[in-house]
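Colleague: Have a look at this one before I ask anything.
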Amino acid sequence: MFVIALAKGRMMEQSLDLLASADIRFSENVATSRKLIFDAQDGEHRVVVVKPADVPTYVEYGAADAGIAGLDVILESRADLVQPLTLDFGRCKLAVAAPRGVALSASENPTVRVATKYPHIAMEYFNARGIPVEIIYLSGSIELAPLLGLADRIVDLVESGRTLRDNGLEIVEVIVESSARLVVNRASYQTKRGEVLKFIDALNKAKSCASSI
């Protein structure tokens, strides 16, 4: 079996649609089932469903041969992976946001406090700009942190920006434009090269067909 790790949540349906376009289909509804492992109808592929942040780990350590994850997740994980294909969905921005009218480095404190679920990316970003920073890790409702005085800034994913606006925040700087990526285990890329290249080619063709519609 060629094992593919898929992320729960916002990219699941689009990932499954892409696989279906590459003739990798399932008899069960992967997106709604409580199961976590699904064998494809072709008998050659298996999907494992994991949390988005765990996709790079499953692939890096070989529990999955390949996976689909957002660039934001891949960068934060620091996993050593092959990234052969950029996919045309899951587009968003990973950005620094602050209360309206506040500059990137402005803070009442000597050290800027930043709330985020991307501590590695945030730390590297502020360090590269010479801005002293204290990272406060949060797993959700990041926008709440500046409103309650927990943090001066946040680093978070932004799609439409509506949630920021509704909470009196605005983007100060965009760190990276993120979208879905195909990632492949380095050992699998060598030992299952034929299967990997066939899989990459199938997804690339499916992606091209979708973009031409």
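Lettering and numbering for the structure tokens are positional, with chains as A, B, ... in the shown order, residues counted from 1 in each chain, and ligands counted from 1 in the shown order.
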Which neighbours of Asp152 (chain A) fall inside 7 Å, counting only C-alpha atoms, when residues of the same chain fewer than 2 positions from it are skipped, and could you give them as a list in words?
Modeller: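 Neighbouring residues, sequence-local ones excluded: Ala98, Ser107, Val112, Arg113, Val114 and Pro146 of chain A.
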Colleague: Sort by chain and increasing residue number a table of all residues of region 65-166 of chain A within 12 Å of region 18-25 of chain A, each with its closest pair of atoms and their distance in Å to one decimal, counting only C-alpha atoms, and write it as a Markdown table.
Modeller:
| residue | atom | partner | partner_atom | distance |
| --- | --- | --- | --- | --- |
| A:Gly67 | CA | A:Leu19 | CA | 11.4 |
| A:Ile68 | CA | A:Leu18 | CA | 10.5 |
| A:Leu87 | CA | A:Leu18 | CA | 9.2 |
| A:Asp88 | CA | A:Leu18 | CA | 9.9 |
| A:Phe89 | CA | A:Leu18 | CA | 9.9 |
Colleague: Using only C-alpha atoms, which of the listed residues (A:Cys209, A:Ala128, A:Leu36, A:Leu94) sits closest to Asp156 (chain A)?
Modeller: A:Leu94
Colleague: Fewer than 2 positions away in the same chain doesn't count, so skip those; otherwise give me all residues within 12 Å of Ile154 (chain A), counting only C-alpha atoms, as JSON, numbers by chain.
Modeller: {"A": [94, 95, 96, 97, 98, 99, 104, 112, 113, 114, 115, 116, 117, 118, 119, 121, 122, 123, 126, 133, 134, 135, 136, 137, 138, 140, 141, 142, 143, 144, 145, 146, 147, 149, 150, 151, 152, 156, 157, 158, 164, 169, 170, 171, 172, 173, 174, 175]}
Colleague: Residues of region 2-90 of chain A in strand (DSSP E) according to DSSP, as number ranges by chain?
Modeller: A: 2-7, 37-39, 45-50, 66-70, 82-86
Colleague: So how far away is CA of Arg186 (chain A) from CA of Leu16 (chain A), in Å?
Modeller: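 It comes out at 23.3 Å.
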Colleague: Figure out the distance between CA of Gln83 (chain A) and CA of Leu182 (chain A), please, to one decimal in Å.
Modeller: 5.9 Å
Colleague: Can you tell me which residues surround region 58-66 of chain A at a distance of at most 8 Å, considering only C-alpha atoms, apart from same-chain residues fewer than 6 positions away, and format the answer as JSON, numbers by chain?
Modeller: {"A": [2, 3, 4, 5, 48, 79, 80, 81, 182, 183, 184, 185, 186, 187, 188]}
Colleague: Deliver the residues from the most recent selection as a file, using C-alpha atoms, as an mmCIF file, in the first residue's frame.
Modeller:
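File produced: again-v2.cif:
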data_model
loop_
_atom_site.group_PDB
_atom_site.id
_atom_site.type_symbol
_atom_site.label_atom_id
_atom_site.label_comp_id
_atom_site.auth_asym_id
_atom_site.auth_seq_id
_atom_site.Cartn_x
_atom_site.Cartn_y
_atom_site.Cartn_z
ATOM 1 C CA PHE A 2 1.064 3.562 -0.759
ATOM 2 C CA VAL A 3 0.027 5.505 2.344
ATOM 3 C CA ILE A 4 -1.174 9.124 2.124
ATOM 4 C CA ALA A 5 -1.713 11.358 5.177
ATOM 5 C CA VAL A 48 -4.799 8.049 7.068
ATOM 6 C CA ALA A 79 10.258 18.455 8.970
ATOM 7 C CA ASP A 80 12.776 17.159 6.424
ATOM 8 C CA LEU A 81 10.516 16.391 3.470
ATOM 9 C CA LEU A 182 2.274 17.602 -1.572
ATOM 10 C CA VAL A 183 5.000 16.296 0.731
ATOM 11 C CA VAL A 184 6.850 12.994 0.351
ATOM 12 C CA ASN A 185 8.978 10.950 2.731
ATOM 13 C CA ARG A 186 12.620 11.066 1.638
ATOM 14 C CA ALA A 187 13.151 7.301 1.980
ATOM 15 C CA SER A 188 9.949 6.532 0.070
#
Colleague: For a quick check of understanding, using only C-alpha atoms, which of A:Thr86, A:Thr111, A:Ser208, A:Thr57 has the smallest distance to Val73 (chain A)?
Modeller: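 For Val73 (chain A), the nearest of the candidates is A:Thr57.
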Colleague: Mind the document's chain letters and residue numbers, and return as a list in words the residues of region 16-87 of chain A that DSSP labels helix (DSSP H, G or I).
Modeller: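 Taking region 16-87 of chain A and keeping helix (DSSP H, G or I) only, one gets Leu16, Asp17, Leu18, Leu19, Ala20, Ser21, Pro52, Ala53, Asp54, Val55, Pro56, Thr57, Tyr58, Val59, Glu60, Leu71, Asp72, Val73, Ile74, Leu75, Glu76 and Ser77 of chain A.
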Colleague: Compare A:Gly90, A:Pro56, A:Ser15, A:Thr163 by their minimum atom-to-atom distance to Leu203 (chain A), counting only C-alpha atoms, and give me the closest one.
Modeller: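 Comparing A:Gly90, A:Pro56, A:Ser15, A:Thr163 against Leu203 (chain A), the winner is A:Ser15.
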Colleague: Fewer than 4 positions away in the same chain doesn't count, so skip those; otherwise give me all residues within 10 Å of Ala53 (chain A), counting only C-alpha atoms, as a ChimeraX atom specification.
Modeller: /A:7-8,57-58,69-70,72-74,76-77
Colleague: Any chance you can output those residues with C-alpha atoms as a short mmCIF file (atom, residue, chain, number, x, y, z; two decimals), in the first residue's frame?
Modeller:
data_model
loop_
_atom_site.label_atom_id
_atom_site.label_comp_id
_atom_site.auth_asym_id
_atom_site.auth_seq_id
_atom_site.Cartn_x
_atom_site.Cartn_y
_atom_site.Cartn_z
CA ALA A 7 -5.38 16.67 7.22
CA LYS A 8 -8.72 16.98 8.96
CA THR A 57 5.48 14.22 11.23
CA TYR A 58 3.69 11.15 9.88
CA ALA A 69 -0.47 19.88 4.15
CA GLY A 70 -0.44 23.66 4.17
CA ASP A 72 2.34 27.13 7.11
CA VAL A 73 2.18 23.73 8.82
CA ILE A 74 5.21 22.43 6.93
CA GLU A 76 6.34 25.31 11.49
CA SER A 77 7.10 21.58 11.72
#
Colleague: Separation of CA of Arg10 (chain A) and CA of Leu75 (chain A), in Å?
Modeller: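 CA of Arg10 (chain A) sits 18.2 Å away from CA of Leu75 (chain A).
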Colleague: As a list of chain:residue names, please: the residues near Leu71 (chain A) (cut-off 9 Å, only C-alpha atoms, same-chain neighbours under 5 positions excluded).
Modeller: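 Here the answer would be A:Glu76, A:Val176, A:Glu177, A:Ser178, A:Ser179, A:Ala180, A:Arg181.
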